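Structure file work05.txt (compact mmCIF, C-alpha atoms) is printed below.
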# COMPACT_ATOMS: atom_id res chain seq x y z
CA MET A 60 -13.61 60.37 -12.09
CA SER A 61 -15.70 58.02 -9.93
CA GLU A 62 -15.85 55.55 -12.85
CA ASP A 63 -12.03 55.43 -13.05
CA TYR A 64 -11.86 54.86 -9.30
CA GLU A 65 -14.29 51.94 -9.55
CA ASN A 66 -12.26 50.43 -12.39
CA ASP A 67 -9.07 50.70 -10.32
CA GLU A 68 -10.80 48.99 -7.40
CA ARG A 69 -11.97 46.15 -9.66
CA GLU A 70 -8.46 45.68 -11.05
CA GLU A 71 -6.96 45.58 -7.55
CA ALA A 72 -9.55 43.03 -6.42
CA GLU A 73 -8.80 40.88 -9.49
CA GLU A 74 -5.05 41.05 -8.80
CA GLU A 75 -5.59 40.00 -5.17
CA LYS A 76 -7.75 37.10 -6.34
CA ASN A 77 -5.06 35.94 -8.76
CA GLU A 78 -2.39 36.21 -6.08
CA LYS A 79 -4.39 34.05 -3.67
CA SER A 80 -5.41 31.37 -6.16
CA PRO A 81 -2.12 29.39 -6.21
CA PHE A 82 -2.21 29.07 -2.41
CA GLU A 83 -5.87 28.04 -2.44
CA THR A 84 -5.16 25.24 -4.95
CA GLY A 85 -2.09 24.07 -3.04
CA SER A 86 0.19 24.93 -5.95
CA ILE A 87 2.82 27.67 -6.03
CA THR A 88 6.05 28.51 -7.85
CA VAL A 89 8.92 29.84 -5.75
CA LEU A 90 12.29 31.31 -6.65
CA LYS A 91 15.11 29.50 -4.84
CA ASP A 92 18.74 30.43 -5.44
CA GLY A 93 17.87 31.79 -8.87
CA HIS A 94 15.76 28.77 -9.90
CA PHE A 95 11.99 28.57 -10.26
CA ILE A 96 10.69 25.44 -8.52
CA HIS A 97 7.00 24.60 -8.69
CA CYS A 98 5.42 22.97 -5.64
CA LEU A 99 2.35 20.80 -6.16
CA THR A 100 0.49 19.13 -3.29
CA ILE A 101 -1.37 15.82 -3.58
CA ILE A 102 -3.49 15.54 -0.45
CA GLY A 103 -6.52 13.74 0.89
CA GLN A 104 -8.16 11.33 -1.54
CA ILE A 105 -7.37 11.06 -5.25
CA GLU A 106 -10.65 11.77 -6.98
CA GLY A 107 -11.32 9.94 -10.24
CA HIS A 108 -14.46 9.58 -12.33
CA ILE A 109 -16.80 9.71 -9.32
CA ILE A 110 -17.21 13.01 -7.46
CA LEU A 111 -16.58 12.52 -3.75
CA PRO A 112 -18.63 14.20 -0.97
CA SER A 113 -17.85 17.88 -0.42
CA GLN A 114 -16.56 17.26 3.13
CA ASN A 115 -13.74 15.06 1.77
CA LYS A 116 -10.30 16.53 1.16
CA THR A 117 -9.58 15.59 -2.46
CA THR A 118 -7.06 15.99 -5.25
CA LYS A 119 -8.83 16.03 -8.60
CA TYR A 120 -6.88 14.39 -11.40
CA GLU A 121 -8.49 16.63 -14.03
CA HIS A 122 -6.91 19.60 -12.21
CA VAL A 123 -3.47 18.04 -11.72
CA ILE A 124 -2.90 16.67 -15.25
CA PRO A 125 -3.18 20.05 -17.08
CA GLN A 126 -0.87 21.59 -14.46
CA LEU A 127 1.77 18.94 -15.15
CA VAL A 128 1.54 19.57 -18.88
CA ALA A 129 1.88 23.34 -18.30
CA ILE A 130 4.90 22.82 -16.01
CA GLU A 131 6.62 20.60 -18.58
CA GLU A 132 6.03 23.17 -21.33
CA SER A 133 7.00 26.17 -19.19
CA LYS A 134 10.28 27.93 -19.98
CA GLU A 135 10.42 29.50 -16.51
CA ILE A 136 9.80 26.50 -14.25
CA GLU A 137 13.00 24.47 -13.83
CA GLY A 138 11.99 21.93 -11.18
CA LEU A 139 8.90 20.30 -9.68
CA LEU A 140 8.37 19.26 -6.06
CA ILE A 141 5.43 16.94 -5.33
CA ILE A 142 4.36 16.89 -1.67
CA LEU A 143 2.23 13.88 -0.76
CA ASN A 144 -0.12 13.36 2.17
CA THR A 145 -2.77 11.07 0.75
CA VAL A 146 -4.89 8.13 1.84
CA GLY A 147 -5.07 6.86 -1.76
CA GLY A 148 -8.16 6.83 -3.94
CA ASP A 149 -9.03 6.11 -7.56
CA VAL A 150 -6.46 3.66 -8.96
CA GLU A 151 -6.62 4.70 -12.61
CA ALA A 152 -6.59 8.43 -11.82
CA GLY A 153 -3.58 7.94 -9.52
CA LEU A 154 -1.74 5.87 -12.13
CA ALA A 155 -2.50 8.48 -14.80
CA ILE A 156 -0.84 11.20 -12.70
CA ALA A 157 2.06 8.89 -11.81
CA GLU A 158 2.67 7.99 -15.47
CA LEU A 159 2.81 11.67 -16.45
CA LEU A 160 5.26 12.44 -13.65
CA SER A 161 7.53 9.53 -14.59
CA THR A 162 7.82 10.74 -18.21
CA MET A 163 8.58 14.40 -17.50
CA ASN A 164 11.92 15.91 -18.57
CA THR A 165 11.58 18.61 -15.88
CA PRO A 166 13.58 17.56 -12.77
CA THR A 167 11.11 16.13 -10.24
CA ALA A 168 11.23 15.14 -6.58
CA SER A 169 8.54 13.72 -4.31
CA LEU A 170 8.26 14.15 -0.56
CA VAL A 171 5.96 11.97 1.54
CA LEU A 172 4.73 13.77 4.65
CA GLY A 173 2.15 12.23 6.97
CA GLY A 174 1.14 9.40 4.66
CA GLY A 175 1.52 8.10 1.12
CA HIS A 176 -0.93 5.22 1.22
CA SER A 177 -2.42 2.90 -1.40
CA ILE A 178 -2.24 4.54 -4.86
CA GLY A 179 -0.06 7.18 -3.18
CA VAL A 180 2.79 4.63 -3.42
CA PRO A 181 3.10 4.79 -7.26
CA LEU A 182 2.78 8.57 -7.04
CA ALA A 183 5.64 8.74 -4.54
CA VAL A 184 8.02 6.63 -6.66
CA SER A 185 7.12 8.31 -9.98
CA CYS A 186 9.55 11.22 -9.55
CA LYS A 187 13.27 11.17 -10.35
CA ARG A 188 14.04 11.13 -6.62
CA SER A 189 11.71 10.22 -3.77
CA PHE A 190 12.01 11.38 -0.16
CA ILE A 191 10.05 10.46 2.96
CA ALA A 192 9.90 12.06 6.40
CA LYS A 193 10.95 9.80 9.26
CA SER A 194 7.49 10.07 10.86
CA ALA A 195 5.57 9.41 7.61
CA THR A 196 3.99 6.06 6.76
CA MET A 197 3.03 4.18 3.60
CA THR A 198 0.42 1.41 3.32
CA VAL A 199 0.91 -1.21 0.62
CA HIS A 200 -2.12 -3.44 -0.04
CA PRO A 201 -3.90 -5.22 -2.92
CA VAL A 202 -6.38 -3.43 -5.20
CA ARG A 203 -9.80 -2.93 -3.64
CA MET A 204 -13.14 -2.07 -5.21
CA ASN A 205 -16.13 -0.29 -3.68
CA GLY A 206 -19.76 -1.02 -4.48
CA THR A 207 -21.28 -4.12 -6.04
CA VAL A 208 -18.74 -6.65 -7.31
CA LEU A 209 -19.73 -9.62 -9.48
CA GLY A 210 -18.30 -12.91 -8.20
CA VAL A 211 -17.16 -14.17 -11.59
CA PRO A 212 -13.71 -15.16 -12.98
CA GLN A 213 -13.61 -12.01 -15.14
CA THR A 214 -13.69 -9.82 -12.01
CA LEU A 215 -10.72 -11.68 -10.52
CA SER A 216 -8.86 -11.34 -13.82
CA TYR A 217 -9.55 -7.58 -13.85
CA PHE A 218 -8.20 -7.22 -10.29
CA GLU A 219 -5.05 -9.16 -11.21
CA LYS A 220 -4.40 -7.03 -14.30
CA MET A 221 -4.92 -3.81 -12.34
CA GLN A 222 -2.57 -5.06 -9.65
CA ASP A 223 0.04 -6.02 -12.24
CA ARG A 224 -0.05 -2.47 -13.59
CA ILE A 225 0.74 -1.09 -10.14
CA VAL A 226 3.44 -3.67 -9.36
CA ASN A 227 5.18 -3.17 -12.73
CA PHE A 228 5.10 0.60 -12.38
CA VAL A 229 6.54 0.53 -8.85
CA GLU A 230 9.26 -1.93 -9.86
CA SER A 231 10.23 0.25 -12.86
CA ASN A 232 10.42 3.45 -10.82
CA SER A 233 11.97 2.32 -7.52
CA ASN A 234 14.59 -0.06 -6.15
CA ILE A 235 12.18 -2.75 -4.93
CA SER A 236 11.59 -5.96 -6.89
CA ALA A 237 8.15 -7.06 -8.05
CA ASP A 238 8.29 -10.15 -5.81
CA ASP A 239 9.20 -8.12 -2.72
CA PHE A 240 6.47 -5.58 -3.45
CA ARG A 241 3.88 -8.33 -3.89
CA GLY A 242 5.08 -9.78 -0.59
CA LEU A 243 4.32 -6.47 1.13
CA MET A 244 0.91 -6.38 -0.57
CA MET A 245 -0.09 -9.85 0.57
CA LYS A 246 1.35 -9.83 4.07
CA THR A 247 -1.11 -11.02 6.71
CA GLY A 248 -1.36 -10.22 10.41
CA GLU A 249 -0.38 -6.54 10.19
CA LEU A 250 -3.59 -4.82 9.10
CA ILE A 251 -6.85 -5.50 10.95
CA MET A 252 -9.31 -7.37 8.69
CA ASP A 253 -7.08 -6.80 5.66
CA VAL A 254 -3.83 -7.88 4.03
CA GLY A 255 -0.91 -5.57 3.41
CA THR A 256 1.93 -3.74 5.13
CA VAL A 257 2.40 -0.40 6.84
CA LEU A 258 5.92 1.01 6.42
CA ASP A 259 7.40 3.92 8.33
CA GLY A 260 9.96 6.23 6.71
CA GLU A 261 13.03 4.17 7.56
CA GLU A 262 11.39 0.88 6.50
CA ALA A 263 10.27 2.38 3.17
CA VAL A 264 13.87 3.36 2.40
CA LYS A 265 15.34 0.09 3.67
CA CYS A 266 13.17 -2.06 1.38
CA GLY A 267 14.01 0.12 -1.65
CA LEU A 268 10.56 1.59 -2.14
CA ILE A 269 11.69 5.18 -1.42
CA ASP A 270 15.12 6.55 -2.32
CA GLU A 271 15.97 8.64 0.70
CA LEU A 272 14.95 9.63 4.20
CA GLY A 273 14.67 13.41 4.33
CA GLY A 274 12.55 16.51 4.39
CA LEU A 275 11.92 19.70 2.48
CA SER A 276 15.52 20.92 2.41
CA SER A 277 16.76 17.55 1.10
CA ALA A 278 14.22 17.54 -1.73
CA LEU A 279 14.95 21.14 -2.72
CA SER A 280 18.71 20.53 -2.61
CA PHE A 281 18.29 17.57 -4.97
CA LEU A 282 16.26 19.68 -7.42
CA GLU A 283 18.89 22.43 -7.30
CA ARG A 284 21.64 19.93 -8.18
CA GLU A 285 19.55 18.49 -11.01
CA ILE A 286 18.75 21.95 -12.42
CA GLU A 287 22.36 23.09 -12.26
CA GLY A 288 23.53 19.79 -13.77
CA ASP A 289 21.14 20.24 -16.71
CA SER A 290 22.31 23.83 -17.17
CA ASN A 291 25.95 22.78 -17.25
CA ALA A 292 25.16 20.04 -19.77
CA VAL A 293 23.48 22.58 -22.06
CA HIS A 294 26.45 24.97 -21.80
CA ASP A 295 28.91 22.16 -22.51
CA ASN A 296 27.09 21.40 -25.74

Kindly present the structure from the file in structure tokens form.
Amino acid sequence: MSEDYENDEREEAEEEKNEKSPFETGSITVLKDGHFIHCLTIIGQIEGHIILPSQNKTTKYEHVIPQLVAIEESKEIEGLLIILNTVGGDVEAGLAIAELLSTMNTPTASLVLGGGHSIGVPLAVSCKRSFIAKSATMTVHPVRMNGTVLGVPQTLSYFEKMQDRIVNFVESNSNISADDFRGLMMKTGELIMDVGTVLDGEEAVKCGLIDELGGLSSALSFLEREIEGDSNAVHDN
């Protein structure tokens, strides 16, 4: 009898753990108006191949990428909402996540809250529709590298190629031209001891970087329309 009781307690504890885990990872699926929409948060610093200090808020790309694959393959999840509040981070890790998002068939929307800086810019524009809060900001600047950098032509060439990857991706997934985006990257006099541009929500929309000024309800409404549109298209066929 006592053994059965202990087993029941263990099962309850395991269920509670499983229920909490989506909230702890910043990822949760909610049912809205009959549709399952998955919410995934990208916060803090995008962590790449180097493990950041434990006191840093990070989003690990090796955690996000399998989730995106699972969402795309899921029969239940009909839409994906990406909420961004990031200072940037590893360029290649950020681009890897952005590339996956841009090639998903699942309806996607991004919402920039607080900040979508540096490599957060490609992440913000990678979804089918991008939204930004009026109070949010985005920093556009050239590629930087930490640590020892060799002062040789090959290093400059590497920086240019990396920058081209970002510029081409942003141009392909937003309404801003490559020349205008490079202009924002190389602007002087706005950032202390650096080049680049800080855009608020309205400025990000005005220059074509972000699609729409809005918040959570706007992003969810867009996903609803996309989901219902896809459903109608399937029925028509």

ask   = Which one of A:Ser113, A:Ser216, A:Thr256, A:Asn232 sits closest to Ile269 of chain A if you count all atoms listed in the file?
value =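 Closest to Ile269 of chain A, using all atoms listed in the file: A:Asn232.
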
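Across the model, the gap from atom CA of Gly174 of chain A to atom CA of Thr196 of chain A is 4.9 Å.
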
remark   = Taken to one decimal, the atom CA of Leu258 of chain A-atom CA of Ser161 of chain A distance is 22.7 Å

query = To one decimal place, how far is atom CA of Leu272 of chain A from atom CA of Gln126 of chain A in Å?
reply =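 A separation of 27.2 Å between them.
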
Which residues, protein or nucleic acid, reach to within 12 Å of (-7.8, -8.3, 4.0) in the file's coordinates when using only C-alpha atoms, and can you give that as a tab-separated table (two decimals) with C-alpha atoms, in the frame of the given file?
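Writing done, so here's out.tsv:
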chain	number	residue	atom	x	y	z
A	199	VAL	CA	0.91	-1.21	0.62
A	200	HIS	CA	-2.12	-3.44	-0.04
A	201	PRO	CA	-3.90	-5.22	-2.92
A	202	VAL	CA	-6.38	-3.43	-5.20
A	203	ARG	CA	-9.80	-2.93	-3.64
A	244	MET	CA	0.91	-6.38	-0.57
A	245	MET	CA	-0.09	-9.85	0.57
A	246	LYS	CA	1.35	-9.83	4.07
A	247	THR	CA	-1.11	-11.02	6.71
A	248	GLY	CA	-1.36	-10.22	10.41
A	249	GLU	CA	-0.38	-6.54	10.19
A	250	LEU	CA	-3.59	-4.82	9.10
A	251	ILE	CA	-6.85	-5.50	10.95
A	252	MET	CA	-9.31	-7.37	8.69
A	253	ASP	CA	-7.08	-6.80	5.66
A	254	VAL	CA	-3.83	-7.88	4.03
A	255	GLY	CA	-0.91	-5.57	3.41
A	256	THR	CA	1.93	-3.74	5.13

Within 7 Å of segment 95-102 of chain A using all atoms listed in the file, minus same-chain residues under 2 positions, as a list in words =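 With the cut-off at 7 Å, the set is Gly85, Ser86, Ile87, Thr88, Val89, Leu90, Lys91, Gly93, Gln104, Thr117, Thr118, Glu135, Ile136, Glu137, Gly138, Leu139, Leu140, Ile141, Ile142, Leu143, Asn144 and Thr145 of chain A.
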